[in-house]
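Trainee: Just so it is clear, I am handing over upload-v1.txt, which has compact mmCIF, C-alpha atoms.
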```
# COMPACT_ATOMS: atom_id res chain seq x y z
CA MET A 5 87.31 -10.95 17.88
CA ALA A 6 87.69 -7.59 16.06
CA TYR A 7 85.83 -8.95 13.03
CA VAL A 8 82.54 -9.68 14.79
CA PRO A 9 81.76 -6.10 15.94
CA GLY A 10 82.41 -4.90 12.39
CA VAL A 11 79.84 -7.31 11.01
CA ALA A 12 77.35 -6.25 13.68
CA LEU A 13 77.88 -2.58 12.86
CA LEU A 14 77.36 -3.20 9.15
CA ALA A 15 74.17 -5.11 9.84
CA ALA A 16 72.86 -2.28 12.01
CA LEU A 17 73.49 0.25 9.24
CA VAL A 18 71.69 -1.91 6.70
CA VAL A 19 68.68 -2.29 9.00
CA GLY A 20 68.55 1.50 9.62
CA CYS A 21 68.64 2.37 5.92
CA SER A 22 65.93 -0.18 5.15
CA ALA A 23 63.67 1.27 7.84
CA ASP A 24 64.19 4.80 6.52
CA ALA A 25 63.42 3.68 2.97
CA ASP A 26 60.26 1.92 4.12
CA SER A 27 59.18 5.09 5.95
CA ASN A 28 59.62 7.22 2.82
CA ALA A 29 57.86 4.62 0.69
CA ASN A 30 54.86 4.72 3.01
CA GLY A 31 54.54 8.50 2.49
CA ALA A 32 55.79 9.60 5.91
CA ASP A 33 57.07 13.18 5.94
CA SER A 34 60.64 13.40 7.12
CA LYS A 35 59.85 16.87 8.52
CA ALA A 36 57.08 16.39 10.99
CA GLY A 37 54.57 19.23 11.25
CA SER A 38 55.37 20.89 7.87
CA PRO A 39 52.24 22.60 6.40
CA THR A 40 50.55 21.24 3.27
CA VAL A 41 49.73 23.88 0.62
CA THR A 42 46.53 23.27 -1.36
CA PRO A 43 46.97 24.70 -4.87
CA ALA A 44 44.49 27.44 -5.79
CA PRO A 45 41.94 26.47 -8.47
CA PRO A 46 42.88 27.23 -12.09
CA GLY A 47 41.02 29.77 -14.20
CA LYS A 48 38.05 28.88 -16.35
CA TYR A 49 39.74 29.67 -19.66
CA LEU A 50 42.68 27.67 -20.99
CA THR A 51 42.66 29.21 -24.49
CA LEU A 52 41.66 32.48 -26.19
CA PRO A 53 39.35 33.03 -29.19
CA ALA A 54 40.66 34.06 -32.60
CA PRO A 55 40.37 37.86 -32.19
CA CYS A 56 39.88 38.81 -35.85
CA ARG A 57 36.95 36.37 -36.07
CA ALA A 58 35.45 37.33 -32.71
CA VAL A 59 33.34 40.18 -34.13
CA PRO A 60 30.58 39.19 -36.60
CA ARG A 61 30.62 40.91 -39.98
CA SER A 62 27.16 42.35 -39.37
CA THR A 63 28.50 44.08 -36.26
CA LEU A 64 31.54 45.36 -38.13
CA LYS A 65 29.30 46.87 -40.80
CA ASP A 66 27.44 48.77 -38.10
CA LEU A 67 30.60 49.93 -36.30
CA LEU A 68 32.51 50.83 -39.47
CA PRO A 69 30.10 52.81 -41.67
CA GLY A 70 31.34 53.24 -45.20
CA ALA A 71 33.21 49.94 -45.33
CA ALA A 72 30.30 48.13 -46.97
CA GLU A 73 30.41 50.61 -49.90
CA LEU A 74 34.05 49.85 -50.70
CA PRO A 75 35.05 47.67 -53.68
CA GLY A 76 35.26 43.94 -52.99
CA ASP A 77 38.97 43.61 -52.27
CA GLN A 78 39.15 46.73 -50.11
CA GLN A 79 36.02 45.73 -48.23
CA GLU A 80 37.44 42.30 -47.45
CA LYS A 81 40.68 43.87 -46.23
CA VAL A 82 38.80 46.14 -43.81
CA PHE A 83 36.57 43.39 -42.42
CA ARG A 84 39.47 40.94 -42.16
CA GLY A 85 41.18 43.19 -39.62
CA THR A 86 44.81 43.32 -38.56
CA ALA A 87 46.01 40.93 -35.88
CA ALA A 88 48.02 42.42 -33.03
CA VAL A 89 51.67 41.42 -32.79
CA THR A 90 52.05 39.04 -29.87
CA TYR A 91 54.62 36.45 -28.87
CA ASP A 92 52.30 34.17 -26.92
CA THR A 93 48.87 33.64 -28.47
CA ASP A 94 47.85 31.47 -25.52
CA ARG A 95 48.17 34.47 -23.21
CA LYS A 96 47.38 37.60 -25.25
CA VAL A 97 45.76 38.28 -28.64
CA GLY A 98 44.13 41.25 -30.36
CA CYS A 99 42.77 42.63 -33.61
CA SER A 100 42.00 46.08 -35.04
CA TRP A 101 39.84 47.47 -37.83
CA LYS A 102 39.67 50.90 -39.49
CA SER A 103 37.28 52.43 -42.00
CA ASP A 104 37.44 55.82 -43.75
CA ALA A 105 34.14 57.41 -44.71
CA PRO A 106 33.50 60.86 -46.24
CA ASP A 107 32.27 62.28 -42.93
CA ALA A 108 34.55 60.49 -40.44
CA THR A 109 37.08 57.77 -39.75
CA ARG A 110 36.04 54.98 -37.40
CA SER A 111 38.44 52.55 -35.72
CA LEU A 112 37.89 49.52 -33.52
CA SER A 113 40.25 47.27 -31.57
CA ILE A 114 39.77 44.38 -29.16
CA ASP A 115 42.32 42.70 -26.88
CA PHE A 116 42.08 39.46 -24.91
CA GLU A 117 44.48 38.70 -22.07
CA ARG A 118 44.42 35.32 -20.32
CA VAL A 119 46.00 35.68 -16.90
CA VAL A 120 47.83 32.76 -15.29
CA SER A 121 49.06 32.76 -11.70
CA TYR A 122 52.31 30.95 -11.06
CA ASP A 123 51.79 31.21 -7.31
CA PRO A 124 50.02 28.06 -6.04
CA ALA A 125 48.47 30.08 -3.24
CA VAL A 126 46.88 32.64 -5.66
CA SER A 127 44.21 31.61 -8.15
CA ASP A 128 44.17 32.68 -11.79
CA ASP A 129 40.96 34.61 -11.13
CA ASP A 130 42.53 36.57 -8.28
CA ARG A 131 45.57 37.40 -10.38
CA ALA A 132 43.31 38.53 -13.24
CA ASP A 133 41.37 40.70 -10.81
CA THR A 134 44.63 42.41 -9.86
CA VAL A 135 45.41 43.07 -13.54
CA TYR A 136 41.92 44.47 -14.06
CA ALA A 137 42.12 46.66 -10.95
CA LYS A 138 45.31 48.29 -12.26
CA LYS A 139 43.55 49.21 -15.50
CA GLU A 140 40.60 50.59 -13.57
CA LYS A 141 42.89 52.71 -11.41
CA ALA A 142 44.79 53.97 -14.47
CA ALA A 143 41.46 55.20 -15.86
CA GLY A 144 40.92 57.23 -12.68
CA LEU A 145 38.17 54.95 -11.43
CA SER A 146 37.69 52.78 -8.38
CA SER A 147 34.73 50.51 -7.70
CA SER A 148 35.32 50.89 -3.96
CA THR A 149 35.15 54.70 -4.01
CA PRO A 150 31.67 56.33 -4.00
CA PRO A 151 31.04 58.55 -7.05
CA GLY A 152 30.87 62.30 -6.95
CA PRO A 153 33.85 63.44 -4.83
CA ASP A 154 33.75 66.84 -6.52
CA ALA A 155 30.27 67.43 -5.16
CA GLU A 156 31.57 67.15 -1.61
CA LYS A 157 34.49 69.46 -2.33
CA ASN A 158 32.15 72.13 -3.71
CA SER A 159 29.79 72.01 -0.72
CA GLY A 160 30.42 73.38 2.75
CA THR A 161 32.18 76.65 3.56
CA PRO A 162 31.52 78.55 0.28
CA ASP A 163 27.81 77.76 0.48
CA LYS A 164 27.64 78.78 4.16
CA LYS A 165 29.25 82.11 3.37
CA GLY A 166 26.67 82.63 0.66
CA GLU A 167 23.88 81.86 3.12
CA GLU A 168 25.26 84.31 5.70
CA SER A 169 25.63 87.06 3.10
CA GLU A 170 22.10 86.47 1.91
CA LYS A 171 20.78 86.63 5.47
CA GLY A 172 22.62 89.91 6.04
CA GLU A 173 21.12 91.47 2.92
CA LYS A 174 17.60 90.44 3.83
CA SER A 175 17.78 91.71 7.42
CA GLY A 176 19.70 94.89 6.54
CA THR A 177 22.20 94.29 9.33
CA SER A 178 25.62 95.88 9.58
CA ASP A 179 28.98 94.13 9.59
CA SER A 180 28.58 93.45 13.30
CA GLY A 181 25.28 91.73 12.60
CA ALA A 182 26.90 89.60 9.95
CA ALA A 183 29.66 88.70 12.36
CA LYS A 184 27.09 87.73 14.97
CA GLY A 185 25.37 85.56 12.36
CA SER A 186 28.64 83.85 11.51
CA ALA A 187 29.22 83.06 15.19
CA SER A 188 25.84 81.34 15.46
CA PRO A 189 25.00 80.01 12.01
CA GLY A 190 21.56 78.69 11.34
CA PRO A 191 20.76 75.38 9.67
CA SER A 192 22.33 74.98 6.27
CA SER A 193 20.17 75.25 3.22
CA THR A 194 20.36 73.44 -0.09
CA ALA A 195 23.30 74.57 -2.20
CA SER A 196 22.70 76.50 -5.37
CA PRO A 197 22.75 74.32 -8.50
CA SER A 198 25.37 76.61 -10.01
CA LYS A 199 27.71 75.94 -7.08
CA THR A 200 27.19 72.19 -6.81
CA PRO A 201 27.61 70.42 -10.15
CA ALA A 202 26.22 66.99 -10.66
CA ALA A 203 28.47 64.14 -9.63
CA GLY A 204 30.98 63.46 -12.35
CA GLY A 205 29.73 66.39 -14.39
CA SER A 206 31.85 68.70 -16.48
CA ALA A 207 32.60 72.28 -15.56
CA SER A 208 32.40 73.41 -19.16
CA SER A 209 29.26 73.41 -21.24
CA GLY A 210 28.86 72.39 -24.82
CA GLY A 211 26.26 72.13 -27.52
CA SER A 212 23.77 69.34 -27.89
CA GLY A 213 25.44 66.02 -28.59
CA GLY A 214 28.85 67.29 -27.50
CA PRO A 215 31.14 65.30 -25.19
CA GLU A 216 30.04 67.39 -22.19
CA ASP A 217 26.53 65.97 -22.55
CA VAL A 218 27.79 62.38 -22.36
CA PRO A 219 28.02 60.63 -18.96
CA PRO A 220 31.65 60.44 -17.81
CA SER A 221 33.82 57.37 -17.32
CA ARG A 222 32.19 55.00 -14.86
CA ILE A 223 31.91 51.51 -13.41
CA LEU A 224 29.57 49.24 -15.39
CA ASP A 225 27.15 46.67 -13.98
CA ASN A 226 26.10 43.29 -15.38
CA LEU A 227 29.15 42.86 -17.60
CA GLY A 228 31.45 39.97 -16.72
CA ASP A 229 32.76 39.83 -13.16
CA ALA A 230 33.83 43.50 -13.22
CA ALA A 231 33.79 46.23 -15.87
CA PHE A 232 34.29 49.94 -16.48
CA LEU A 233 33.92 52.45 -19.30
CA HIS A 234 36.51 55.16 -20.01
CA ASP A 235 35.38 58.07 -22.20
CA LEU A 236 38.30 60.08 -23.55
CA PRO A 237 37.52 62.90 -26.02
CA LYS A 238 40.57 64.74 -27.36
CA ARG A 239 41.12 67.89 -29.39
CA SER A 240 44.49 68.93 -30.71
CA GLY A 241 44.83 72.44 -32.05
CA SER A 242 43.06 72.91 -35.35
CA THR A 243 42.60 69.18 -36.05
CA ALA A 244 39.24 67.47 -35.75
CA GLN A 245 38.34 65.93 -32.43
CA ASN A 246 39.25 62.27 -31.90
CA HIS A 247 36.81 60.69 -29.44
CA THR A 248 37.78 57.28 -28.00
CA VAL A 249 35.65 55.09 -25.75
CA SER A 250 37.17 52.08 -24.00
CA VAL A 251 35.27 49.30 -22.25
CA VAL A 252 37.31 46.92 -20.09
CA PHE A 253 35.85 43.88 -18.39
CA ARG A 254 37.02 40.74 -16.63
CA THR A 255 35.42 37.32 -16.78
CA SER A 256 37.18 34.69 -14.69
CA ASN A 257 40.86 34.80 -15.69
CA VAL A 258 40.42 36.72 -18.97
CA VAL A 259 40.57 40.53 -19.25
CA VAL A 260 39.02 42.05 -22.40
CA THR A 261 39.49 45.59 -23.74
CA VAL A 262 37.31 47.16 -26.43
CA ARG A 263 38.33 50.50 -27.95
CA TYR A 264 36.02 52.34 -30.34
CA ALA A 265 36.94 55.74 -31.79
CA GLU A 266 35.73 58.32 -34.28
CA GLN A 267 37.53 61.26 -35.88
CA PRO A 268 35.31 63.57 -37.96
CA ALA A 269 36.53 64.83 -41.31
CA LEU A 270 35.77 68.46 -40.41
CA VAL A 271 37.03 70.46 -37.45
CA THR A 272 33.56 71.91 -36.88
CA GLN A 273 32.06 68.47 -36.31
CA GLU A 274 32.00 66.62 -33.00
CA PRO A 275 31.55 62.86 -32.58
CA ASP A 276 28.42 61.55 -30.94
CA GLY A 277 29.92 60.34 -27.67
CA ALA A 278 26.68 58.71 -26.53
CA GLU A 279 26.58 56.59 -29.68
CA LEU A 280 30.21 55.55 -29.26
CA GLN A 281 29.57 54.49 -25.68
CA GLU A 282 26.43 52.56 -26.57
CA LYS A 283 28.06 50.62 -29.40
CA ALA A 284 31.24 49.88 -27.47
CA GLN A 285 29.21 48.48 -24.56
CA ALA A 286 27.04 46.40 -26.90
CA LEU A 287 30.12 44.81 -28.48
CA ALA A 288 31.66 44.14 -25.06
CA ARG A 289 28.53 42.32 -23.95
CA LYS A 290 28.55 40.20 -27.12
CA LEU A 291 32.17 39.22 -26.47
CA ALA A 292 31.35 38.35 -22.86
CA GLU A 293 28.49 36.11 -24.05
CA THR A 294 30.78 34.43 -26.59
CA LEU A 295 33.38 33.68 -23.93
CA SER A 296 30.73 32.19 -21.65
CA GLU A 297 29.54 29.72 -24.29
```
Kindly transcribe the structure held in the file into structure tokens.
Mentor:
Amino acid sequence: MAYVPGVALLAALVVGCSADADSNANGADSKAGSPTVTPAPPGKYLTLPAPCRAVPRSTLKDLLPGAAELPGDQQEKVFRGTAAVTYDTDRKVGCSWKSDAPDATRSLSIDFERVVSYDPAVSDDDRADTVYAKKEKAAGLSSSTPPGPDAEKNSGTPDKKGEESEKGEKSGTSDSGAAKGSASPGPSSTASPSKTPAAGGSASSGGSGGPEDVPPSRILDNLGDAAFLHDLPKRSGSTAQNHTVSVVFRTSNVVVTVRYAEQPALVTQEPDGAELQEKAQALARKLAETLSE
């Protein structure tokens, strides 16, 4: 009699395990109501271009004046470029070029970074946008902030005081009259150009073609999904000025950086910042077109 219940119990266990196995085989979730996470879409780019072959030789000749006049072997070495040291060529690559001419030294570098998100809820493009935004912030720029904050700081109270003083001089009033005017100020007038510099302008003034005449760092339009230009002239003591222009842009999950610099041979010379900006932007647009092909 004791044997029969044991057989029945064993049979019940076998039936229960079989039912559970069939349930799992049919795709039923053992945890009812658990949310299903849809993976974010991958980025457009799965590979990166060969950086030292990304810039045509005709463009290099224009950006590196003097290189074309070098002897054959030296010329080839300049145009071949130097690949950046990287441990993962699927994620980050770069190349740099440098040319010495009698009047100045020009240098160029480009970097490609392919961003991959390992979070299934965050797309590669969104992760790349975060990487780009950090670079933009490091350059002191923000696409969400309206330009010209200095103009607002320089307007207001100082200009009103100037207006009140001017009113007092014209009317010949005493201090009490000026005080009465300050208690009931009239409508504000347009600020003097000398007190309100142009948005993003420089406080110092320079000669024609100097860095002060060049538009400052700024957000760029119609270049990839987002882009900015960072203009960084430097002068160190008695050495000639080294002027570097960087253009950074993002297209899908790839962030590209172009750096173009000039250092004149003489201390009295200043680089043409407008030319550096123009050529750096032109190269960036060519690279963006190449990536889109």
Trainee: What does the distance between CA of Ser146 (chain A) and CA of Leu287 (chain A) come to in Å, to one decimal place?
Mentor: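 We find that CA of Ser146 (chain A) and CA of Leu287 (chain A) lie 22.9 Å from each other.
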Trainee: Given 8 Å of margin on each side, can you work out the centre and size in Å (one decimal) of an axis-aligned box holding every listed atom of region 84-87 of chain A, as lines of an AutoDock Vina configuration file?
Mentor:
```
center_x = 42.7
center_y = 42.1
center_z = -39.0
size_x = 22.5
size_y = 18.4
size_z = 22.3
```
Trainee: Pick the closest to Arg61 (chain A) from A:Leu74, A:His247, A:Thr40, A:Gly85: which is it, counting all atoms listed in the file?
Mentor: A:Gly85
Trainee: Between CA of Asp229 (chain A) and CA of Lys96 (chain A), what is the distance in Å, rounded to a tenth?
Mentor: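 These two atoms are separated by 19.1 Å.
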Trainee: Once you count only C-alpha atoms, which residues end up no further than 9 Å from (41.8, 43.7, -26.0) in the file's frame, shown as a VMD selection string?
Mentor: chain A and resid 55 96 to 99 113 to 117 252 259 to 263
Trainee: Could you check which of A:Asp225, A:Asp128, A:Glu266, A:Asp235 is closest to Leu68 (chain A), using all atoms listed in the file?
Mentor: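 Once distances to Leu68 (chain A) are computed over all atoms listed in the file, the minimum belongs to A:Glu266.
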Trainee: Hey, can you check how far CA of Val271 (chain A) sits from CA of Lys102 (chain A)?
Mentor: 19.8 Å
Trainee: For Leu52 (chain A), which residue among A:Ser221, A:Thr294, A:Gln245, A:Gln281 is the nearest when counting only C-alpha atoms?
Mentor: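 Nearest candidate to Leu52 (chain A) out of A:Ser221, A:Thr294, A:Gln245, A:Gln281: A:Thr294.
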Trainee: Between A:Ala288, A:Ala54, A:Leu280, A:Ala265, single out the one closest to Leu112 (chain A), counting all atoms listed in the file.
Mentor: A:Ala265
Trainee: Can you list, as a list in words, every protein, DNA or RNA residue that comes within 12 Å of Asp133 (chain A) when you count only C-alpha atoms, leaving out same-chain residues fewer than 6 positions away?
Mentor: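 The filter keeps Gly47, Glu117, Arg118, Val119, Val120, Ser121, Val126, Ser127, Lys139, Glu140, Gly228, Asp229, Ala230, Ala231, Val252, Phe253, Arg254, Thr255, Ser256, Asn257, Val258, Val259 and Val260 of chain A.
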Trainee: Do you know which residues lie at most 7 Å from (33.6, 41.5, -45.6), with coordinates as in the file and all atoms listed in the file counted, and could you write them as a count of residues only?
Mentor: 5
